[in-house]
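Student: Supplied in structure tokens, the structure appears directly below.
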There are 2 protein chains.
Amino acid sequence: MEFELINFFRQRIPKYPCVRVGIGDDAAVIDLDIQQCVITTDVLMDGVDFISSQTSPEQIGRKALAVNLSDLAAMAASPKACVVGLVLPQKGGMELAKRLYEGLLPLARDFQIAVAGGDTNSWDGPLVISVTALGLPPPGGVLSRSGARPGDRIIVTGDFGGSILGKHLTFTPRVWEAIFLYRSYEVHAGIDVSDGLALDLWRVTQESGCGAVVHADSVPISEAACRIVKLEKGKQKPLDRALYDGEDFELILAVPPAEAERMLRDQPLSVKLTDIGEFVAEKGLWLEKGKKRTALPPKGYEHKFT
Amino acid sequence: MEFELINFFRQRIPKYPCVRVGIGDDAAVIDLDIQQCVITTDVLMDGVDFISSQTSPEQIGRKALAVNLSDLAAMAASPKACVVGLVLPQKGGMELAKRLYEGLLPLARDFQIAVAGGDTNSWDGPLVISVTALGLPPPGGVLSRSGARPGDRIIVTGDFGGSILGKHLTFTPRVWEAIFLYRSYEVHAGIDVSDGLALDLWRVTQESGCGAVVHADSVPISEAACRIVKLEKGKQKPLDRALYDGEDFELILAVPPAEAERMLRDQPLSVKLTDIGEFVAEKGLWLEKGKKRTALPPKGYEHKFT
């Protein structure tokens, strides 16, 4: 349903000359006449993005900023400033707000992003926290979802699956990694994995007008993905968790073959880079295991509404 | 309690060189190396800022953007772009989201602000809508809350009180008015009245390090303020509603006397400009009626939490 709504927005919302990148990507690029800035927003709600009875306010505040930084990373943008909108429960809201900031501010410092302002509200309901982040585009323009070409390799950072066991609260947004890779190698397209490897890879193929083949044996499966399969007594395979779980906040990049080879040889980051397959001309998403190729459903986390 | 929290943020949040105007004003000014932009955010919640059973989604969408435009007006900034974060109830969320945009987009067009992106979520809770707006500062820098000087006249646009009867959903943000006045006259400080004439005037005095005297007989009282007093069978006076009701979304400006005189003689806007008193050196807020001066409490709408 979310996809339908995005399509509605695309059709309904006018094209503005100053929006260089708008709806359909991780963040928007606004041409500010002389200088551009990148803007992105994310709203997190108790019971959906975190469970306040099981999560410290510091972790919630950190996550609210981190997911926005991950969107800036997806554009290879440098963090610049953010604003924070809070909707606090009336009881205990003051202490909660302070602790949210205690979690948010250290991450802001690490990523050199200014907390420029915000809006503080209260109500008779659960916590909602909305962050909007501004970034500066890299020289030559942002990394977008739409530049993948048939033949490009699918390069990912880190490993996948089982984020719900903890990583979704502690992940490092791949901001410096994205900026470094985009500056140092030819990268055609990129996205951050917020809703799942398969679903977000599919989004790149949709925006780029191509397809993709994932090699099952190459997908880096996290230790948490294996652990969660054990905890759930094997209803799913670890690979399924890696493909379909949300909130890994790793990068998927489309890189031409020679550059991908150089990137993998260099392994220039502290996080591992892995080649998990290739973009292809035929539209669609496939999983290849040995010589067998099957359809890979673009499943992942989606907000459901009717 | 909100004031205490803002003080906490001021103390706790570092000073960033790139934030020219930060916490404590209506919007933040970010130095983007070459070009600045102005950014502001507001979160509106069902049951607090609107009552969804009594308000059309189009009106809600319009208001969510309008309150942000009013913040840009308070800085004399030109609207540029905005992003919209939605938290939709699962049932009926799709239709609701579309109708919110049907209300938001005509206002966006009128004020030449691009809807640059957003974030759409759903949950098992009431509607929340968060808008972040970017603007461009006027030549020479923004209008702020902090420039009022003793002797400046207190000039306001429009009239006050009883907004709850309808104006809070239909008001015109004073964007063009603010830009025009700031360009055409010497204006020392400004704010938009979101929480109440007395409270927002007090905020200007706090930021400017001065006091203010309001002339009771000069305050422009709206027809709605009189109507609401009648409806409530006279518990309050119309002047009280004008002073303490929230959501008028008019401007309060600090203007030196000669310029104020010129402004009032010109009456250059379609909305009336009124002189309601003066800024004074002594800190505090007073209401003057005839020759009697009494303390004017900085009351208005405040989010309550503990």
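If you're wondering about the labels, chains in the structure tokens are A, B, ... by order shown, residues count from 1 in each chain, ligands from 1 in order shown.
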Write out as a compact mmCIF listing (two decimals) with all heavy atoms, in the first residue's frame each polymer residue whose atoms come within 12 Å of B:Leu296, counting only C-alpha atoms; drop sequence neighbours fewer than 5 positions from it.
Tutor:
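Written out: out_37.txt:
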```txt
# COMPACT_ATOMS: atom_id res chain seq x y z
N LEU B 197 -0.82 36.07 22.14
CA LEU B 197 -0.22 37.40 22.03
C LEU B 197 0.68 37.72 23.24
O LEU B 197 1.83 38.14 23.07
CB LEU B 197 -1.34 38.45 21.90
CG LEU B 197 -0.96 39.93 21.78
CD1 LEU B 197 0.01 40.16 20.64
CD2 LEU B 197 -2.21 40.78 21.58
N ALA B 198 0.18 37.49 24.45
CA ALA B 198 0.96 37.82 25.65
C ALA B 198 2.20 36.94 25.74
O ALA B 198 3.32 37.42 25.96
CB ALA B 198 0.10 37.67 26.90
N LEU B 199 2.01 35.64 25.55
CA LEU B 199 3.13 34.71 25.69
C LEU B 199 4.20 34.93 24.63
O LEU B 199 5.40 34.94 24.92
CB LEU B 199 2.60 33.26 25.65
CG LEU B 199 3.61 32.14 25.77
CD1 LEU B 199 4.47 32.27 27.03
CD2 LEU B 199 2.92 30.76 25.77
N LEU B 201 4.71 37.71 22.85
CA LEU B 201 5.34 39.01 23.09
C LEU B 201 6.39 38.89 24.19
O LEU B 201 7.49 39.44 24.09
CB LEU B 201 4.28 40.04 23.48
CG LEU B 201 4.80 41.44 23.86
CD1 LEU B 201 5.55 42.08 22.70
CD2 LEU B 201 3.65 42.35 24.32
N TRP B 202 6.04 38.13 25.22
CA TRP B 202 6.97 37.89 26.32
C TRP B 202 8.24 37.21 25.81
O TRP B 202 9.36 37.53 26.23
CB TRP B 202 6.29 37.03 27.39
CG TRP B 202 7.16 36.67 28.53
CD1 TRP B 202 7.54 37.45 29.57
CD2 TRP B 202 7.79 35.38 28.76
NE1 TRP B 202 8.34 36.76 30.43
CE2 TRP B 202 8.51 35.48 29.96
CE3 TRP B 202 7.79 34.17 28.06
CZ2 TRP B 202 9.23 34.41 30.48
CZ3 TRP B 202 8.50 33.10 28.57
CH2 TRP B 202 9.22 33.23 29.76
N GLY B 211 11.52 44.81 28.30
CA GLY B 211 10.14 44.57 28.71
C GLY B 211 9.19 45.15 27.68
O GLY B 211 9.63 45.67 26.64
N ALA B 212 7.89 45.07 27.97
CA ALA B 212 6.91 45.62 27.02
C ALA B 212 5.65 46.04 27.77
O ALA B 212 5.24 45.42 28.74
CB ALA B 212 6.57 44.60 25.94
N VAL B 213 5.05 47.12 27.26
CA VAL B 213 3.78 47.63 27.79
C VAL B 213 2.74 47.54 26.67
O VAL B 213 2.95 48.09 25.58
CB VAL B 213 3.91 49.10 28.24
CG1 VAL B 213 2.57 49.62 28.74
CG2 VAL B 213 4.97 49.22 29.34
N VAL B 214 1.65 46.85 26.94
CA VAL B 214 0.57 46.73 25.96
C VAL B 214 -0.56 47.68 26.38
O VAL B 214 -0.96 47.68 27.55
CB VAL B 214 0.05 45.27 25.89
CG1 VAL B 214 -1.19 45.18 25.00
CG2 VAL B 214 1.15 44.34 25.40
N HIS B 215 -1.05 48.46 25.44
CA HIS B 215 -2.18 49.35 25.72
C HIS B 215 -3.48 48.59 25.48
O HIS B 215 -3.79 48.21 24.33
CB HIS B 215 -2.12 50.59 24.82
CG HIS B 215 -0.86 51.39 25.05
ND1 HIS B 215 -0.48 52.43 24.25
CD2 HIS B 215 0.09 51.30 26.02
CE1 HIS B 215 0.66 52.94 24.70
NE2 HIS B 215 1.03 52.27 25.76
N ALA B 216 -4.21 48.36 26.56
CA ALA B 216 -5.40 47.51 26.51
C ALA B 216 -6.38 47.95 25.42
O ALA B 216 -6.93 47.12 24.69
CB ALA B 216 -6.08 47.49 27.87
N LEU B 239 -11.03 40.87 25.52
CA LEU B 239 -9.61 41.23 25.58
C LEU B 239 -8.75 40.07 26.11
O LEU B 239 -7.63 39.86 25.65
CB LEU B 239 -9.41 42.47 26.48
CG LEU B 239 -7.95 42.90 26.67
CD1 LEU B 239 -7.31 43.33 25.34
CD2 LEU B 239 -7.84 44.04 27.69
N ASP B 240 -9.28 39.34 27.09
CA ASP B 240 -8.54 38.19 27.61
C ASP B 240 -8.31 37.14 26.53
O ASP B 240 -7.22 36.56 26.42
CB ASP B 240 -9.31 37.54 28.78
CG ASP B 240 -9.43 38.47 29.97
OD1 ASP B 240 -8.50 39.27 30.18
OD2 ASP B 240 -10.45 38.40 30.68
N LEU B 243 -5.61 38.34 24.26
CA LEU B 243 -4.27 38.31 24.85
C LEU B 243 -3.73 36.89 25.05
O LEU B 243 -2.53 36.65 24.93
CB LEU B 243 -4.28 39.03 26.20
CG LEU B 243 -4.45 40.55 26.16
CD1 LEU B 243 -4.72 41.09 27.57
CD2 LEU B 243 -3.20 41.23 25.56
N TYR B 244 -4.63 35.97 25.38
CA TYR B 244 -4.16 34.66 25.85
C TYR B 244 -4.48 33.48 24.95
O TYR B 244 -3.95 32.40 25.13
CB TYR B 244 -4.70 34.39 27.26
CG TYR B 244 -4.42 35.51 28.24
CD1 TYR B 244 -5.44 36.12 28.97
CD2 TYR B 244 -3.11 35.97 28.42
CE1 TYR B 244 -5.18 37.14 29.86
CE2 TYR B 244 -2.85 37.01 29.32
CZ TYR B 244 -3.88 37.59 30.03
OH TYR B 244 -3.60 38.61 30.90
N LYS B 283 12.54 45.09 32.54
CA LYS B 283 12.07 43.76 32.14
C LYS B 283 10.70 43.47 32.74
O LYS B 283 10.41 43.85 33.87
CB LYS B 283 13.08 42.69 32.56
CG LYS B 283 14.33 42.79 31.70
CD LYS B 283 15.34 41.69 31.98
CE LYS B 283 16.60 41.99 31.19
NZ LYS B 283 17.68 41.02 31.46
N GLY B 284 9.87 42.80 32.00
CA GLY B 284 8.52 42.47 32.47
C GLY B 284 7.51 42.79 31.39
O GLY B 284 7.86 43.33 30.32
N LEU B 285 6.27 42.44 31.65
CA LEU B 285 5.18 42.63 30.70
C LEU B 285 4.04 43.32 31.45
O LEU B 285 3.64 42.87 32.53
CB LEU B 285 4.73 41.24 30.22
CG LEU B 285 4.31 41.03 28.77
CD1 LEU B 285 5.38 41.47 27.79
CD2 LEU B 285 3.95 39.57 28.55
N TRP B 286 3.54 44.43 30.88
CA TRP B 286 2.47 45.18 31.54
C TRP B 286 1.31 45.45 30.60
O TRP B 286 1.50 45.54 29.38
CB TRP B 286 2.99 46.53 32.07
CG TRP B 286 3.96 46.35 33.19
CD1 TRP B 286 3.68 46.22 34.53
CD2 TRP B 286 5.37 46.27 33.07
NE1 TRP B 286 4.84 46.05 35.24
CE2 TRP B 286 5.89 46.07 34.38
CE3 TRP B 286 6.27 46.32 32.00
CZ2 TRP B 286 7.26 45.95 34.63
CZ3 TRP B 286 7.62 46.19 32.25
CH2 TRP B 286 8.11 46.01 33.56
N LEU B 287 0.15 45.59 31.22
CA LEU B 287 -1.04 46.00 30.48
C LEU B 287 -1.45 47.37 31.01
O LEU B 287 -1.64 47.54 32.22
CB LEU B 287 -2.17 44.97 30.71
CG LEU B 287 -3.42 45.17 29.85
CD1 LEU B 287 -3.11 44.89 28.37
CD2 LEU B 287 -4.55 44.25 30.33
N GLU B 288 -1.57 48.35 30.11
CA GLU B 288 -1.91 49.72 30.51
C GLU B 288 -3.34 50.02 30.07
O GLU B 288 -3.67 49.85 28.88
CB GLU B 288 -0.93 50.70 29.86
CG GLU B 288 -0.93 52.06 30.52
CD GLU B 288 0.22 52.91 30.00
OE1 GLU B 288 0.04 53.58 28.97
OE2 GLU B 288 1.31 52.88 30.60
N LYS B 289 -4.15 50.42 31.03
CA LYS B 289 -5.54 50.79 30.72
C LYS B 289 -5.77 52.16 31.33
O LYS B 289 -5.72 52.31 32.55
CB LYS B 289 -6.49 49.75 31.33
CG LYS B 289 -7.83 49.69 30.61
CD LYS B 289 -8.67 48.51 31.09
CE LYS B 289 -10.13 48.74 30.76
NZ LYS B 289 -10.40 48.84 29.31
```
Student: Could you produce a table of the residues of stretch 175-280 of chain A lying within 6 Å of stretch 72-80 of chain A, with the nearest pair of atoms per residue and their separation in Å rounded to one decimal, using only C-alpha atoms, ordered by chain and increasing residue number, as a tab-separated table?
Tutor:
```
residue	atom	partner	partner_atom	distance
A:Val175	CA	A:Ala73	CA	4.2
A:Ala178	CA	A:Ala76	CA	5.1
A:Ile179	CA	A:Ala76	CA	4.7
A:Gly190	CA	A:Ala74	CA	5.8
A:Ile191	CA	A:Ala74	CA	4.7
A:Asp192	CA	A:Ala74	CA	5.1
```
Student: Could you write out the selected residues, including all heavy atoms, as an mmCIF file, in the first residue's frame?
Tutor:
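part_21.cif, written as the output of this step:
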```cif
data_model
loop_
_atom_site.group_PDB
_atom_site.id
_atom_site.type_symbol
_atom_site.label_atom_id
_atom_site.label_comp_id
_atom_site.auth_asym_id
_atom_site.auth_seq_id
_atom_site.Cartn_x
_atom_site.Cartn_y
_atom_site.Cartn_z
ATOM 1 N N VAL A 175 27.889 6.625 6.794
ATOM 2 C CA VAL A 175 28.081 7.959 6.218
ATOM 3 C C VAL A 175 29.481 8.133 5.635
ATOM 4 O O VAL A 175 29.651 8.451 4.459
ATOM 5 C CB VAL A 175 27.812 9.039 7.286
ATOM 6 C CG1 VAL A 175 28.189 10.423 6.777
ATOM 7 C CG2 VAL A 175 26.354 9.002 7.722
ATOM 8 N N ALA A 178 30.185 5.736 2.747
ATOM 9 C CA ALA A 178 29.558 6.110 1.475
ATOM 10 C C ALA A 178 30.322 7.255 0.818
ATOM 11 O O ALA A 178 30.597 7.222 -0.386
ATOM 12 C CB ALA A 178 28.105 6.513 1.707
ATOM 13 N N ILE A 179 30.662 8.260 1.606
ATOM 14 C CA ILE A 179 31.384 9.415 1.060
ATOM 15 C C ILE A 179 32.728 8.981 0.487
ATOM 16 O O ILE A 179 33.112 9.341 -0.628
ATOM 17 C CB ILE A 179 31.563 10.505 2.147
ATOM 18 C CG1 ILE A 179 30.195 11.106 2.523
ATOM 19 C CG2 ILE A 179 32.538 11.586 1.683
ATOM 20 C CD1 ILE A 179 30.217 12.019 3.742
ATOM 21 N N GLY A 190 23.156 3.813 -5.361
ATOM 22 C CA GLY A 190 23.266 3.340 -3.979
ATOM 23 C C GLY A 190 21.975 3.527 -3.220
ATOM 24 O O GLY A 190 21.125 4.342 -3.577
ATOM 25 N N ILE A 191 21.845 2.748 -2.170
ATOM 26 C CA ILE A 191 20.690 2.839 -1.277
ATOM 27 C C ILE A 191 21.150 2.321 0.085
ATOM 28 O O ILE A 191 22.121 1.567 0.164
ATOM 29 C CB ILE A 191 19.498 1.999 -1.827
ATOM 30 C CG1 ILE A 191 18.164 2.368 -1.145
ATOM 31 C CG2 ILE A 191 19.771 0.505 -1.698
ATOM 32 C CD1 ILE A 191 16.950 1.736 -1.824
ATOM 33 N N ASP A 192 20.463 2.748 1.149
ATOM 34 C CA ASP A 192 20.723 2.111 2.436
ATOM 35 C C ASP A 192 19.608 1.100 2.689
ATOM 36 O O ASP A 192 18.464 1.301 2.291
ATOM 37 C CB ASP A 192 20.810 3.141 3.580
ATOM 38 C CG ASP A 192 19.465 3.766 3.906
ATOM 39 O OD1 ASP A 192 18.773 4.211 2.972
ATOM 40 O OD2 ASP A 192 19.105 3.807 5.093
#
```
Student: Would you list the contacts of B:Phe160 as a list of chain:residue names, taking every protein, DNA or RNA residue within 8 Å and counting only C-alpha atoms, but skipping same-chain residues closer than 5 positions in sequence?
Tutor: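 Residues near the query, excluding close chain neighbours: B:Leu197, B:Val219, B:Pro220, B:Ile221, B:Ser222, B:Ala225, B:Arg241, B:Ala242, B:Leu243, B:Asp245, B:Asp248, B:Glu250.
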Student: A:Tyr301: which residues within 7 Å, counting only C-alpha atoms, same-chain residues fewer than 5 positions away excluded, as a PDB file with C-alpha atoms, in the first residue's frame?
Tutor:
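Writing the result to result_34.pdb gives the following:
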```pdb
ATOM      1  CA  ASP A 195      13.419  -2.253   4.915  1.00  0.00           C
ATOM      2  CA  GLY A 196      15.361  -5.337   3.806  1.00  0.00           C
ATOM      3  CA  GLY A 246      14.632  -4.854   7.839  1.00  0.00           C
TER       4      GLY A 246
END
```
Student: Please provide as JSON, numbers by chain all residues within 10 Å of stretch 162-172 of chain A, with the sequence filter that same-chain residues fewer than 2 positions apart are discarded (counting only C-alpha atoms).
Tutor: {"A": [49, 50, 55, 56, 58, 59, 60, 61, 62, 63, 64, 66, 67, 69, 70, 107, 159, 160, 174, 175, 176, 194, 221, 222, 223, 224, 225, 226, 227, 228, 229, 238, 241, 242, 244, 245, 246, 247, 248, 249, 250]}
Student: Using only C-alpha atoms, pick whichever of A:Asp110, A:Glu302, A:Glu186, A:Glu232 has the shortest atom-to-atom distance to chain B.
Tutor: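 Nearest to chain B: A:Glu302.
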